[in-house]
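protein16.tsv follows; it contains TSV, C-alpha atoms (C1' of nucleotides).
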```tsv
chain	number	residue	atom	x	y	z
N	3	MET	CA	2.11	-24.75	5.41
N	4	THR	CA	1.43	-26.47	8.68
N	5	ASP	CA	0.99	-24.26	11.67
N	6	VAL	CA	1.49	-20.55	11.61
N	7	ILE	CA	1.41	-20.37	15.38
N	8	SER	CA	4.42	-20.87	17.59
N	9	ASN	CA	4.40	-23.09	20.62
N	10	ASP	CA	7.71	-21.89	21.89
N	11	PRO	CA	7.08	-20.13	25.19
N	12	THR	CA	10.74	-19.37	25.86
N	13	ASP	CA	10.79	-16.03	24.10
N	14	THR	CA	9.44	-12.57	24.65
N	15	ALA	CA	5.85	-12.62	25.73
N	16	THR	CA	3.46	-11.74	22.96
N	17	LEU	CA	0.37	-9.60	23.28
N	18	PRO	CA	-2.64	-11.77	22.55
N	19	PRO	CA	-5.93	-10.17	21.53
N	20	GLY	CA	-7.17	-10.98	25.01
N	21	ASP	CA	-4.81	-8.36	26.42
N	22	VAL	CA	-5.21	-5.78	23.68
N	23	PRO	CA	-8.66	-6.16	22.16
N	24	GLU	CA	-7.91	-3.55	19.49
N	25	LEU	CA	-5.41	-5.96	17.95
N	26	VAL	CA	-8.25	-7.71	16.18
N	27	LEU	CA	-9.27	-4.55	14.35
N	28	ILE	CA	-5.68	-3.51	13.69
N	29	GLU	CA	-5.00	-6.80	11.95
N	30	LEU	CA	-8.39	-6.94	10.22
N	31	LEU	CA	-7.72	-3.53	8.69
N	32	PHE	CA	-4.48	-4.86	7.27
N	33	PHE	CA	-5.98	-8.02	5.79
N	34	ALA	CA	-9.15	-6.32	4.58
N	35	TYR	CA	-7.23	-3.61	2.79
N	36	ARG	CA	-4.83	-6.14	1.32
N	37	ASP	CA	-7.68	-8.03	-0.30
N	38	PHE	CA	-9.81	-4.99	-1.06
N	39	VAL	CA	-7.26	-3.62	-3.52
N	40	SER	CA	-6.37	-6.98	-5.01
N	41	ASP	CA	-9.09	-7.21	-7.70
N	42	PRO	CA	-8.49	-3.67	-9.00
N	43	ASP	CA	-4.75	-4.32	-9.08
N	44	ALA	CA	-5.27	-7.33	-11.32
N	45	LEU	CA	-7.47	-5.46	-13.78
N	46	LEU	CA	-5.26	-2.38	-13.85
N	47	ALA	CA	-2.19	-4.48	-14.60
N	48	GLN	CA	-3.75	-5.28	-17.99
N	49	TYR	CA	-3.46	-1.61	-18.87
N	50	ASP	CA	-0.01	-1.24	-17.32
N	51	PHE	CA	-1.53	0.85	-14.61
N	52	GLY	CA	-1.04	0.54	-10.88
N	53	ARG	CA	-2.72	1.56	-7.68
N	54	ALA	CA	-1.74	5.18	-8.15
N	55	HIS	CA	-3.56	5.31	-11.48
N	56	HIS	CA	-6.60	3.77	-9.83
N	57	ARG	CA	-6.80	6.48	-7.21
N	58	VAL	CA	-6.43	9.30	-9.71
N	59	LEU	CA	-8.93	7.79	-12.11
N	60	HIS	CA	-11.40	7.17	-9.31
N	61	PHE	CA	-11.43	10.66	-7.88
N	62	VAL	CA	-11.41	12.37	-11.26
N	63	SER	CA	-14.30	10.17	-12.32
N	64	ARG	CA	-16.21	10.95	-9.16
N	65	HIS	CA	-15.52	14.68	-9.33
N	66	PRO	CA	-15.23	15.86	-12.92
N	67	GLY	CA	-13.48	19.17	-13.18
N	68	LEU	CA	-11.29	18.41	-10.18
N	69	ARG	CA	-8.21	20.59	-9.98
N	70	VAL	CA	-4.69	19.23	-9.67
N	71	ALA	CA	-4.36	20.89	-6.28
N	72	ASP	CA	-7.50	19.11	-5.04
N	73	LEU	CA	-6.13	15.78	-6.13
N	74	LEU	CA	-2.86	16.44	-4.34
N	75	ASP	CA	-4.76	17.17	-1.14
N	76	ILE	CA	-6.87	14.04	-1.46
N	77	LEU	CA	-4.07	11.64	-2.27
N	78	ARG	CA	-1.42	13.21	-0.02
N	79	ILE	CA	1.34	12.77	-2.51
N	80	THR	CA	3.65	15.26	-4.14
N	81	LYS	CA	3.04	17.13	-7.35
N	82	GLN	CA	5.83	15.18	-8.99
N	83	SER	CA	4.41	11.80	-8.11
N	84	LEU	CA	0.98	12.80	-9.30
N	85	GLY	CA	2.38	14.41	-12.44
N	86	ARG	CA	3.86	11.20	-13.75
N	87	VAL	CA	0.77	9.10	-13.17
N	88	LEU	CA	-1.54	11.79	-14.51
N	89	LYS	CA	0.54	12.19	-17.65
N	90	GLN	CA	0.30	8.45	-18.33
N	91	LEU	CA	-3.47	8.53	-17.89
N	92	ILE	CA	-3.76	11.52	-20.22
N	93	ASP	CA	-1.42	10.02	-22.84
N	94	ALA	CA	-3.34	6.74	-22.75
N	95	GLY	CA	-6.60	8.62	-23.29
N	96	PHE	CA	-8.26	7.90	-19.95
N	97	VAL	CA	-8.13	11.43	-18.60
N	98	ASP	CA	-8.54	14.78	-20.26
N	99	GLN	CA	-7.54	18.21	-19.01
N	100	ARG	CA	-8.94	21.62	-19.90
N	101	PRO	CA	-8.13	25.10	-18.69
N	102	GLY	CA	-10.51	26.42	-16.07
N	103	PRO	CA	-13.14	28.69	-17.63
N	104	LYS	CA	-12.81	31.34	-14.96
N	105	ASP	CA	-9.23	30.88	-13.91
N	106	ARG	CA	-7.21	29.78	-16.90
N	107	ARG	CA	-4.22	28.78	-14.77
N	108	GLN	CA	-6.17	25.76	-13.60
N	109	ARG	CA	-6.13	22.45	-15.45
N	110	LEU	CA	-9.46	20.88	-14.72
N	111	LEU	CA	-9.48	17.12	-14.96
N	112	TYR	CA	-12.12	14.93	-16.58
N	113	VAL	CA	-12.31	11.28	-17.47
N	114	THR	CA	-12.83	10.37	-21.12
N	115	GLU	CA	-15.43	7.77	-22.05
N	116	THR	CA	-12.72	5.12	-21.93
N	117	GLY	CA	-11.63	6.37	-18.55
N	118	ALA	CA	-15.17	6.40	-17.26
N	119	ALA	CA	-15.70	2.83	-18.42
N	120	LEU	CA	-12.61	1.62	-16.57
N	121	ALA	CA	-13.48	3.62	-13.47
N	122	HIS	CA	-16.93	2.05	-13.45
N	123	ARG	CA	-15.56	-1.45	-13.81
N	124	LEU	CA	-13.27	-0.82	-10.85
N	125	ILE	CA	-16.09	0.56	-8.77
N	126	GLU	CA	-18.23	-2.40	-9.70
N	127	MET	CA	-15.54	-4.86	-8.55
N	128	GLN	CA	-15.18	-3.18	-5.20
N	129	SER	CA	-18.92	-2.64	-4.80
N	130	ARG	CA	-19.47	-6.35	-5.17
N	131	ARG	CA	-17.01	-7.08	-2.39
N	132	ILE	CA	-18.60	-4.42	-0.19
N	133	ARG	CA	-22.11	-5.75	-0.80
N	134	ALA	CA	-21.02	-9.29	0.02
N	135	ALA	CA	-19.36	-8.11	3.22
N	136	LEU	CA	-22.38	-6.08	4.30
N	137	ALA	CA	-24.71	-8.97	3.57
N	138	ALA	CA	-22.99	-10.90	6.35
N	139	VAL	CA	-23.55	-8.10	8.87
N	140	PRO	CA	-26.93	-8.02	10.63
N	141	PRO	CA	-28.83	-4.98	9.29
N	142	GLU	CA	-29.00	-3.23	12.64
N	143	ARG	CA	-25.21	-3.26	12.88
N	144	ARG	CA	-24.35	-2.26	9.31
N	145	ALA	CA	-24.04	1.42	10.08
N	146	GLY	CA	-21.33	0.50	12.57
N	147	ALA	CA	-18.87	-0.19	9.76
N	148	GLU	CA	-19.23	3.26	8.26
N	149	GLU	CA	-19.19	4.98	11.62
N	150	PHE	CA	-16.04	3.14	12.63
N	151	LEU	CA	-14.18	4.00	9.43
N	152	ARG	CA	-15.14	7.66	9.73
N	153	GLY	CA	-13.70	7.62	13.22
N	154	ILE	CA	-10.39	6.22	11.99
N	155	ILE	CA	-9.88	9.24	9.77
N	156	ASP	CA	-7.87	12.10	11.31
N	157	GLY	CA	-10.15	14.40	13.25
N	158	GLY	CA	-9.09	17.44	11.30
N	159	GLU	CA	-9.79	15.75	7.99
N	160	ARG	CA	-13.13	14.23	8.83
N	161	ALA	CA	-15.36	17.09	7.74
N	162	LYS	CA	-13.50	17.58	4.47
N	163	VAL	CA	-13.66	13.87	3.66
N	164	ALA	CA	-17.35	13.78	4.55
N	165	ARG	CA	-18.03	16.63	2.16
N	166	LEU	CA	-16.03	14.96	-0.58
N	167	ILE	CA	-17.83	11.66	-0.19
N	168	GLU	CA	-21.28	13.13	-0.05
N	169	SER	CA	-20.90	15.34	-3.10
C	28	MET	CA	-24.34	0.70	-15.86
C	29	THR	CA	-26.71	3.26	-17.27
C	30	ASP	CA	-24.73	6.37	-16.51
C	31	VAL	CA	-22.24	7.52	-19.07
C	32	ILE	CA	-19.86	10.25	-18.17
C	33	SER	CA	-19.43	12.58	-21.06
C	34	ASN	CA	-16.33	14.48	-22.07
C	35	ASP	CA	-18.24	17.69	-21.78
C	36	PRO	CA	-16.72	19.69	-18.96
C	37	THR	CA	-20.06	21.28	-18.27
C	38	ASP	CA	-21.52	17.92	-17.35
C	39	THR	CA	-20.56	17.28	-13.78
C	40	ALA	CA	-22.96	14.40	-13.30
C	41	THR	CA	-21.14	11.24	-12.46
C	42	LEU	CA	-21.94	8.38	-10.15
C	43	PRO	CA	-23.01	9.93	-6.89
C	44	PRO	CA	-23.20	7.86	-3.71
C	45	GLY	CA	-26.95	7.97	-4.17
C	46	ASP	CA	-26.65	5.72	-7.20
C	47	VAL	CA	-23.94	3.43	-5.86
C	48	PRO	CA	-24.26	3.38	-2.09
C	49	GLU	CA	-21.12	1.26	-1.75
C	50	LEU	CA	-19.08	4.24	-2.93
C	51	VAL	CA	-19.17	5.65	0.57
C	52	LEU	CA	-17.48	2.59	2.02
C	53	ILE	CA	-15.05	2.29	-0.90
C	54	GLU	CA	-13.83	5.81	-0.28
C	55	LEU	CA	-13.92	5.54	3.49
C	56	LEU	CA	-11.67	2.50	3.31
C	57	PHE	CA	-9.17	4.53	1.31
C	58	PHE	CA	-9.16	7.50	3.67
C	59	ALA	CA	-9.27	5.41	6.82
C	60	TYR	CA	-6.33	3.28	5.76
C	61	ARG	CA	-4.40	6.35	4.64
C	62	ASP	CA	-4.66	7.86	8.11
C	63	PHE	CA	-4.44	4.58	10.00
C	64	VAL	CA	-0.87	3.97	8.85
C	65	SER	CA	0.25	7.57	9.19
C	66	ASP	CA	1.25	7.56	12.88
C	67	PRO	CA	3.33	4.35	12.62
C	68	ASP	CA	5.01	5.70	9.50
C	69	ALA	CA	6.17	8.76	11.40
C	70	LEU	CA	7.63	6.76	14.30
C	71	LEU	CA	9.26	4.17	12.05
C	72	ALA	CA	10.96	6.89	10.01
C	73	GLN	CA	13.05	7.70	13.11
C	74	TYR	CA	14.60	4.24	12.86
C	75	ASP	CA	14.93	4.42	9.06
C	76	PHE	CA	12.23	1.81	8.80
C	77	GLY	CA	9.16	1.84	6.60
C	78	ARG	CA	5.79	0.22	6.36
C	79	ALA	CA	7.29	-3.07	5.29
C	80	HIS	CA	9.36	-3.26	8.46
C	81	HIS	CA	6.26	-2.50	10.48
C	82	ARG	CA	4.36	-5.43	9.06
C	83	VAL	CA	7.20	-7.87	9.60
C	84	LEU	CA	7.87	-6.64	13.11
C	85	HIS	CA	4.19	-6.79	13.97
C	86	PHE	CA	3.56	-10.34	12.89
C	87	VAL	CA	6.81	-11.68	14.29
C	88	SER	CA	6.02	-9.98	17.58
C	89	ARG	CA	2.54	-11.42	17.64
C	90	HIS	CA	3.67	-14.93	16.67
C	91	PRO	CA	7.13	-15.67	17.99
C	92	GLY	CA	8.71	-18.56	16.15
C	93	LEU	CA	7.00	-17.65	12.90
C	94	ARG	CA	8.61	-19.21	9.85
C	95	VAL	CA	9.72	-17.22	6.82
C	96	ALA	CA	7.20	-19.09	4.67
C	97	ASP	CA	4.38	-18.11	7.03
C	98	LEU	CA	5.37	-14.49	6.80
C	99	LEU	CA	5.43	-14.66	3.01
C	100	ASP	CA	1.92	-16.05	3.05
C	101	ILE	CA	0.66	-13.38	5.42
C	102	LEU	CA	2.24	-10.42	3.67
C	103	ARG	CA	1.79	-11.66	0.10
C	104	ILE	CA	5.13	-10.41	-1.05
C	105	THR	CA	8.06	-12.22	-2.58
C	106	LYS	CA	10.90	-13.87	-0.74
C	107	GLN	CA	13.29	-11.27	-2.11
C	108	SER	CA	11.28	-8.32	-0.85
C	109	LEU	CA	10.88	-9.89	2.56
C	110	GLY	CA	14.53	-10.90	2.65
C	111	ARG	CA	15.77	-7.35	2.38
C	112	VAL	CA	13.51	-5.97	5.07
C	113	LEU	CA	14.08	-8.92	7.37
C	114	LYS	CA	17.84	-8.60	7.04
C	115	GLN	CA	17.64	-4.94	8.05
C	116	LEU	CA	15.53	-5.79	11.08
C	117	ILE	CA	17.97	-8.53	12.09
C	118	ASP	CA	21.06	-6.37	11.53
C	119	ALA	CA	19.51	-3.56	13.55
C	120	GLY	CA	18.80	-5.98	16.40
C	121	PHE	CA	15.02	-5.91	16.32
C	122	VAL	CA	14.50	-9.47	15.12
C	123	ASP	CA	16.34	-12.68	15.88
C	124	GLN	CA	16.35	-15.96	14.00
C	125	ARG	CA	17.01	-19.50	15.23
C	126	PRO	CA	16.97	-22.83	13.48
C	127	GLY	CA	13.82	-24.83	14.06
C	128	PRO	CA	14.33	-27.41	16.78
C	129	LYS	CA	12.53	-30.14	14.87
C	130	ASP	CA	13.27	-29.10	11.29
C	131	ARG	CA	16.65	-27.44	11.15
C	132	ARG	CA	16.02	-26.04	7.66
C	133	GLN	CA	13.62	-23.56	9.17
C	134	ARG	CA	14.69	-20.16	10.49
C	135	LEU	CA	12.19	-19.33	13.19
C	136	LEU	CA	11.73	-15.63	13.81
C	137	TYR	CA	11.54	-13.86	17.15
C	138	VAL	CA	11.59	-10.23	18.19
C	139	THR	CA	14.36	-9.09	20.51
C	140	GLU	CA	13.51	-6.97	23.54
C	141	THR	CA	14.19	-3.87	21.48
C	142	GLY	CA	11.96	-5.18	18.73
C	143	ALA	CA	9.19	-6.03	21.17
C	144	ALA	CA	9.36	-2.54	22.64
C	145	LEU	CA	8.97	-0.91	19.23
C	146	ALA	CA	6.20	-3.31	18.22
C	147	HIS	CA	4.34	-2.46	21.39
C	148	ARG	CA	4.65	1.27	20.81
C	149	LEU	CA	3.26	0.83	17.31
C	150	ILE	CA	0.37	-1.26	18.58
C	151	GLU	CA	-0.31	1.34	21.23
C	152	MET	CA	-0.52	4.12	18.63
C	153	GLN	CA	-2.96	2.24	16.50
C	154	SER	CA	-4.95	0.98	19.47
C	155	ARG	CA	-5.52	4.53	20.55
C	156	ARG	CA	-6.95	5.44	17.15
C	157	ILE	CA	-9.12	2.33	17.15
C	158	ARG	CA	-10.44	3.06	20.64
C	159	ALA	CA	-11.28	6.63	19.69
C	160	ALA	CA	-13.10	5.45	16.57
C	161	LEU	CA	-15.06	2.81	18.47
C	162	ALA	CA	-16.01	5.30	21.14
C	163	ALA	CA	-17.98	7.20	18.51
C	164	VAL	CA	-19.94	4.10	17.48
C	165	PRO	CA	-23.01	3.23	19.56
C	166	PRO	CA	-22.19	0.06	21.54
C	167	GLU	CA	-24.86	-2.02	19.85
C	168	ARG	CA	-23.32	-1.35	16.46
C	169	ARG	CA	-19.65	-1.78	17.33
C	170	ALA	CA	-19.52	-5.42	16.30
C	171	GLY	CA	-20.59	-4.31	12.82
C	172	ALA	CA	-17.14	-2.87	12.11
C	173	GLU	CA	-15.38	-6.16	12.80
C	174	GLU	CA	-17.96	-8.21	10.94
C	175	PHE	CA	-17.73	-5.95	7.91
C	176	LEU	CA	-13.94	-6.10	7.76
C	177	ARG	CA	-13.96	-9.89	8.05
C	178	GLY	CA	-16.33	-9.98	5.12
C	179	ILE	CA	-14.01	-7.87	2.99
C	180	ILE	CA	-11.29	-10.50	3.28
C	181	ASP	CA	-11.19	-13.09	0.48
C	182	GLY	CA	-13.53	-15.95	1.27
C	183	GLY	CA	-10.79	-18.52	0.93
C	184	GLU	CA	-8.55	-16.64	3.33
C	185	ARG	CA	-11.07	-15.82	5.99
C	186	ALA	CA	-10.65	-18.95	8.13
C	187	LYS	CA	-6.87	-18.75	8.05
C	188	VAL	CA	-6.91	-15.06	8.98
C	189	ALA	CA	-9.41	-15.72	11.75
C	190	ARG	CA	-7.13	-18.40	13.22
C	191	LEU	CA	-4.13	-16.11	12.96
C	192	ILE	CA	-5.88	-13.24	14.69
C	193	GLU	CA	-7.39	-15.28	17.47
C	194	SER	CA	-4.19	-17.03	18.45
A	25	DG	C1'	20.80	-45.39	0.57
A	26	DA	C1'	19.51	-42.65	-3.36
A	27	DA	C1'	16.26	-39.53	-5.09
A	28	DA	C1'	12.88	-36.12	-4.49
A	29	DA	C1'	10.84	-32.53	-2.13
A	30	DT	C1'	11.12	-28.69	1.06
A	31	DA	C1'	12.79	-24.32	3.50
A	32	DT	C1'	15.49	-20.86	2.92
A	33	DG	C1'	18.95	-17.74	1.01
A	34	DT	C1'	20.97	-15.20	-2.78
A	35	DC	C1'	22.06	-13.11	-7.26
A	36	DA	C1'	21.04	-9.93	-11.05
A	37	DA	C1'	18.00	-6.93	-13.21
A	38	DC	C1'	14.15	-4.18	-13.15
A	39	DA	C1'	9.46	-1.31	-12.28
A	40	DT	C1'	6.63	1.61	-9.65
A	41	DG	C1'	5.59	5.12	-6.96
A	42	DA	C1'	7.00	7.78	-3.49
A	43	DC	C1'	10.35	11.72	-1.97
A	44	DT	C1'	13.13	16.69	-1.94
A	45	DG	C1'	14.23	20.98	-3.69
A	46	DA	C1'	14.63	24.20	-7.01
A	47	DC	C1'	13.10	26.71	-10.84
A	48	DG	C1'	9.90	28.36	-14.79
A	49	DT	C1'	5.60	30.17	-16.74
A	50	DA	C1'	1.27	31.89	-17.17
A	51	DA	C1'	-2.54	34.03	-15.03
A	52	DT	C1'	-4.76	36.34	-11.36
A	53	DT	C1'	-5.00	39.26	-7.38
A	54	DT	C1'	-3.42	43.01	-4.67
R	8	DA	C1'	3.82	46.95	-10.97
R	9	DA	C1'	4.40	43.45	-7.64
R	10	DA	C1'	2.97	39.51	-5.27
R	11	DT	C1'	0.65	35.35	-5.25
R	12	DT	C1'	-1.30	31.30	-7.19
R	13	DA	C1'	-1.73	27.04	-10.12
R	14	DC	C1'	0.68	24.14	-12.40
R	15	DG	C1'	4.58	21.97	-14.77
R	16	DT	C1'	9.29	20.32	-14.95
R	17	DC	C1'	14.13	18.90	-14.04
R	18	DA	C1'	17.33	16.09	-11.62
R	19	DG	C1'	18.31	12.92	-8.41
R	20	DT	C1'	17.16	9.61	-4.70
R	21	DC	C1'	14.87	5.99	-2.05
R	22	DA	C1'	11.70	2.15	-0.58
R	23	DT	C1'	9.41	-1.56	-1.85
R	24	DG	C1'	7.80	-4.41	-4.88
R	25	DT	C1'	8.63	-7.80	-9.11
R	26	DT	C1'	10.71	-12.27	-11.98
R	27	DG	C1'	13.66	-16.01	-12.64
R	28	DA	C1'	17.43	-18.70	-11.81
R	29	DC	C1'	20.35	-21.03	-8.84
R	30	DA	C1'	22.70	-22.76	-4.23
R	31	DT	C1'	22.52	-25.24	0.20
R	32	DA	C1'	21.04	-27.76	3.80
R	33	DT	C1'	17.74	-30.82	5.45
R	34	DT	C1'	13.93	-33.92	5.57
R	35	DT	C1'	10.94	-37.17	3.39
R	36	DT	C1'	9.92	-40.80	0.29
R	37	DC	C1'	10.72	-44.81	-2.43
```
Could you render the structure as C-alpha cells?
Amino acid sequence: MTDVISNDPTDTATLPPGDVPELVLIELLFFAYRDFVSDPDALLAQYDFGRAHHRVLHFVSRHPGLRVADLLDILRITKQSLGRVLKQLIDAGFVDQRPGPKDRRQRLLYVTETGAALAHRLIEMQSRRIRAALAAVPPERRAGAEEFLRGIIDGGERAKVARLIES
Amino acid sequence: MTDVISNDPTDTATLPPGDVPELVLIELLFFAYRDFVSDPDALLAQYDFGRAHHRVLHFVSRHPGLRVADLLDILRITKQSLGRVLKQLIDAGFVDQRPGPKDRRQRLLYVTETGAALAHRLIEMQSRRIRAALAAVPPERRAGAEEFLRGIIDGGERAKVARLIES
DNA sequence: GAAAATATGTCAACATGACTGACGTAATTT
DNA sequence: AAATTACGTCAGTCATGTTGACATATTTTC
C-alpha cells in the first residue's frame, strides 16, 4: 500500500475538508464505529453470535424484564429479525423469558448468569476503548463528546434515548 | 466485576451508568450511528443502492483515483463483497475506472458527474445533522467530539485515518 | 530473460441479518 | 361479546458479508 491519495487533477473536483468542515466528523464517525464494534465481533464469533446478538444481549442485560416490543423499538428492526436472534440466545441459555406478572401476554426478557457474564465482558471491552479515548481528551472538553453524540440522535428520539440510558 | 445479575425476575438491579460511566457513551454511539446513517439510507434506496454503495461512492468521491486495494483497506471488507457493489455502481454510471497510468494493473476509481452529484447530496444530508449537533455543544467543548472519535479508532490505524481525512 | 510478486477479477458456495405481509393465539381492555 | 394488544410464526426475498481457489495481466527481482 503506497499512497491512498490521488494526484490526478483531471477528474471531478473533490470536496476537501477545507470546503466542508463537517467531512472530518462524518468520516470519523465511520472509522470510529468500524473499530468500536470490532472487539465485540471477535469475541461473539466464538459463540457463533453476531452483532445482532450483541445488541439484544446488551439491552436485555441493562434492562432486565424488557418486553419484546421495547426491544423492537430500541433496535429498529422487525419482529421477525429479532425473533430469530432472540430464539438463538434463549436456546443457547444466554437469555430467559417469563410471562409478565401483571399482563401474561408479555414475555419479559432476562439474561441468565451466563448471559450476564458475556454481556459484562462485552461492556468491559468497549469501556476500555472509551476510557482510552477519553483519556486523550482534555478534561474540560470531555463533555463535548457526549453532547455531540446526543445531538446526532433524531430530535424526536432524544428524550426517549436519554431516559433509557439514564435508567 | 462485583455485580452479578441474577435470574430472579424481581431483581432489576444490573449495571447502571452510575457504576460504569462509559455505558453512556457506549449506548450513545449505538443510537447516534443508527440515526446518522438513516437519512442516506432513505435517499440511496431510491437508486436501489444500500449502505455499502454509500461508502464506496463516498471514498471514491473524496479521493479520485483511489485503487481497489485502498478501498478494501478502508472498508475492511473482502474483494468479493466490494466487487459486487463496485460493479453495480459502474454499471449504473456512478463510478468510472481507468487503468493506472504508471502501473497498468491498477484500476483507478473515479466518480462520474452523476456519482459526484449523489455523493454531494449525501454529504450535505450528513453535514446538516453534524452542524445541528455541534450547534448544541458549547464552542469551547466542540473539539472534544473530534478528539474522542479519533481516540476510538484503533491505535495502529489512527495515523493512516488522519492522513486520509486531512487530504 | 525467467521467475516471483503484485493488482485485480472471478467463480462457487455459503451465512447473517435485514425485509414484507399475512395469519394465529392468548390475554386484556372496552 | 368485541376489539385491541403482545407476541409468535410461516414463507419468501434481499443485501451484504464470508472463504478459498483460480485466472490474467503486469511489474519487479534475480
Residue among C:Asp62, C:Leu84, C:Phe76, C:Lys129 lying closest to R:DC21, counting only C-alpha atoms (C1' of nucleotides):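 Closest to R:DC21 of all the choices is C:Phe76.
Between atom CA of N:Ala147 and atom CA of N:Phe32 the interatomic distance comes to 15.3 Å.
Non-sequential neighbours of stretch 39-41 of chain A (distance at most 9 Å, separation of 3 or more positions within a chain, only C-alpha atoms (C1' of nucleotides)) are Gly52, Ala54, Ser83 and Val87 of chain N; DT23, DG24 and DT25 of chain R.
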Interface residues on chain N facing chain R, 12 Å, all atoms listed in the file, written as a PyMOL selection string: chain N and resi 52+69-72+74+81-86+88-89+101-102+105-110
Preceding selection exported with C-alpha atoms as an mmCIF file, in the frame of the given file:
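This is the output file selection_37.cif:
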```
data_model
loop_
_atom_site.group_PDB
_atom_site.id
_atom_site.type_symbol
_atom_site.label_atom_id
_atom_site.label_comp_id
_atom_site.auth_asym_id
_atom_site.auth_seq_id
_atom_site.Cartn_x
_atom_site.Cartn_y
_atom_site.Cartn_z
ATOM 1 C CA GLY N 52 -1.040 0.540 -10.880
ATOM 2 C CA ARG N 69 -8.210 20.590 -9.980
ATOM 3 C CA VAL N 70 -4.690 19.230 -9.670
ATOM 4 C CA ALA N 71 -4.360 20.890 -6.280
ATOM 5 C CA ASP N 72 -7.500 19.110 -5.040
ATOM 6 C CA LEU N 74 -2.860 16.440 -4.340
ATOM 7 C CA LYS N 81 3.040 17.130 -7.350
ATOM 8 C CA GLN N 82 5.830 15.180 -8.990
ATOM 9 C CA SER N 83 4.410 11.800 -8.110
ATOM 10 C CA LEU N 84 0.980 12.800 -9.300
ATOM 11 C CA GLY N 85 2.380 14.410 -12.440
ATOM 12 C CA ARG N 86 3.860 11.200 -13.750
ATOM 13 C CA LEU N 88 -1.540 11.790 -14.510
ATOM 14 C CA LYS N 89 0.540 12.190 -17.650
ATOM 15 C CA PRO N 101 -8.130 25.100 -18.690
ATOM 16 C CA GLY N 102 -10.510 26.420 -16.070
ATOM 17 C CA ASP N 105 -9.230 30.880 -13.910
ATOM 18 C CA ARG N 106 -7.210 29.780 -16.900
ATOM 19 C CA ARG N 107 -4.220 28.780 -14.770
ATOM 20 C CA GLN N 108 -6.170 25.760 -13.600
ATOM 21 C CA ARG N 109 -6.130 22.450 -15.450
ATOM 22 C CA LEU N 110 -9.460 20.880 -14.720
#
```
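With all atoms listed in the file as the basis for measurement, N:Thr80 is the residue among N:Thr80, N:Gln99, N:Gln90, N:Thr114 that approaches chain A most closely.
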Can you check which parts of chain N lie within 6 Å of chain C? Per residue, the shortest pair of atoms and distance in Å to one decimal, counting all atoms listed in the file, sorted by chain and number, as CSV.
```
residue,atom,partner,partner_atom,distance
N:Val6,CA,C:Asp97,CA,5.9
N:Ser8,CA,C:Gly92,CA,5.1
N:Thr16,CA,C:Arg89,CA,5.4
N:Glu24,CA,C:Ser154,CA,5.4
N:Ala34,CA,C:Ile180,CA,4.9
N:Asp37,CA,C:Ile180,CA,5.7
N:Arg64,CA,C:Thr41,CA,5.9
N:Pro66,CA,C:Thr39,CA,5.6
N:Thr114,CA,C:Asn34,CA,5.5
N:Ser129,CA,C:Glu49,CA,5.4
N:Ala135,CA,C:Gly178,CA,4.0
N:Leu136,CA,C:Phe175,CA,5.9
N:Val139,CA,C:Glu174,CA,6.0
N:Arg143,CA,C:Arg168,CA,4.5
N:Arg144,CA,C:Gly171,CA,5.5
N:Gly146,CA,C:Arg168,CA,4.7
N:Ala147,CA,C:Ala172,CA,4.0
N:Glu149,CA,C:Val164,CA,6.0
N:Phe150,CA,C:Ala160,CA,5.4
N:Leu151,CA,C:Ala59,CA,5.7
N:Gly153,CA,C:Ala160,CA,4.0
N:Ile154,CA,C:Ala59,CA,5.4
N:Ile155,CA,C:Ala59,CA,4.9
```
Between atom CA of C:Ile117 and atom CA of C:Ala69, distance in Å (one decimal): 20.9 Å
Chain A contacts to chain C at 9 Å (all atoms listed in the file) as an MDAnalysis selection string: chainID A and resid 30:34
Gap from atom C1' of A:DA42 to atom CA of N:Ile79 - Å, one decimal: 7.6 Å
Which centre and edge lengths in Å to one decimal define the box along x, y and z that fits every listed atom of stretch 134-140 of chain N plus 6 Å per side, as lines of an AutoDock Vina configuration file?
```
center_x = -23.1
center_y = -8.5
center_z = 5.3
size_x = 19.6
size_y = 16.8
size_z = 22.6
```
Saving stretch 21-27 of chain R with N, CA, C and O atoms (P, O5', C5', C4', C3', O3' and C1' of nucleotides), as a compact mmCIF listing (two decimals), in the first residue's frame, what would that file be?
```
# COMPACT_ATOMS: atom_id res chain seq x y z
P DC R 21 -35.68 -11.00 -4.50
O5' DC R 21 -34.81 -9.95 -3.69
C5' DC R 21 -35.44 -9.03 -2.81
C4' DC R 21 -34.38 -8.42 -1.91
C3' DC R 21 -33.02 -8.28 -2.59
O3' DC R 21 -32.62 -6.92 -2.46
C1' DC R 21 -32.79 -9.36 -0.48
P DA R 22 -31.32 -6.39 -3.22
O5' DA R 22 -30.35 -6.10 -2.00
C5' DA R 22 -30.87 -5.47 -0.84
C4' DA R 22 -29.76 -5.34 0.18
C3' DA R 22 -28.39 -5.02 -0.41
O3' DA R 22 -27.80 -4.05 0.44
C1' DA R 22 -28.29 -7.08 0.76
P DT R 23 -26.40 -3.42 0.05
O5' DT R 23 -25.37 -4.34 0.87
C5' DT R 23 -25.52 -4.41 2.27
C4' DT R 23 -24.66 -5.52 2.78
C3' DT R 23 -23.21 -5.46 2.30
O3' DT R 23 -22.40 -5.18 3.42
C1' DT R 23 -24.07 -7.66 2.34
P DG R 24 -20.88 -4.81 3.27
O5' DG R 24 -20.11 -6.21 3.50
C5' DG R 24 -19.76 -6.60 4.78
C4' DG R 24 -19.89 -8.08 4.99
C3' DG R 24 -18.73 -8.94 4.48
O3' DG R 24 -17.60 -8.82 5.30
C1' DG R 24 -20.82 -10.04 4.23
P DT R 25 -16.19 -9.34 4.76
O5' DT R 25 -16.28 -10.93 4.86
C5' DT R 25 -16.62 -11.55 6.10
C4' DT R 25 -16.74 -13.04 5.88
C3' DT R 25 -15.57 -13.68 5.16
O3' DT R 25 -14.54 -13.97 6.09
C1' DT R 25 -17.64 -14.52 4.31
P DT R 26 -13.10 -14.31 5.56
O5' DT R 26 -13.25 -15.75 4.89
C5' DT R 26 -13.81 -16.83 5.61
C4' DT R 26 -13.65 -18.10 4.80
C3' DT R 26 -12.23 -18.31 4.26
O3' DT R 26 -11.84 -19.64 4.53
C1' DT R 26 -13.80 -18.32 2.46
P DG R 27 -10.30 -20.04 4.40
O5' DG R 27 -10.28 -20.58 2.90
C5' DG R 27 -11.29 -21.47 2.47
C4' DG R 27 -11.08 -21.78 1.02
C3' DG R 27 -9.61 -21.67 0.56
O3' DG R 27 -9.34 -22.78 -0.28
C1' DG R 27 -10.97 -20.37 -0.83
```
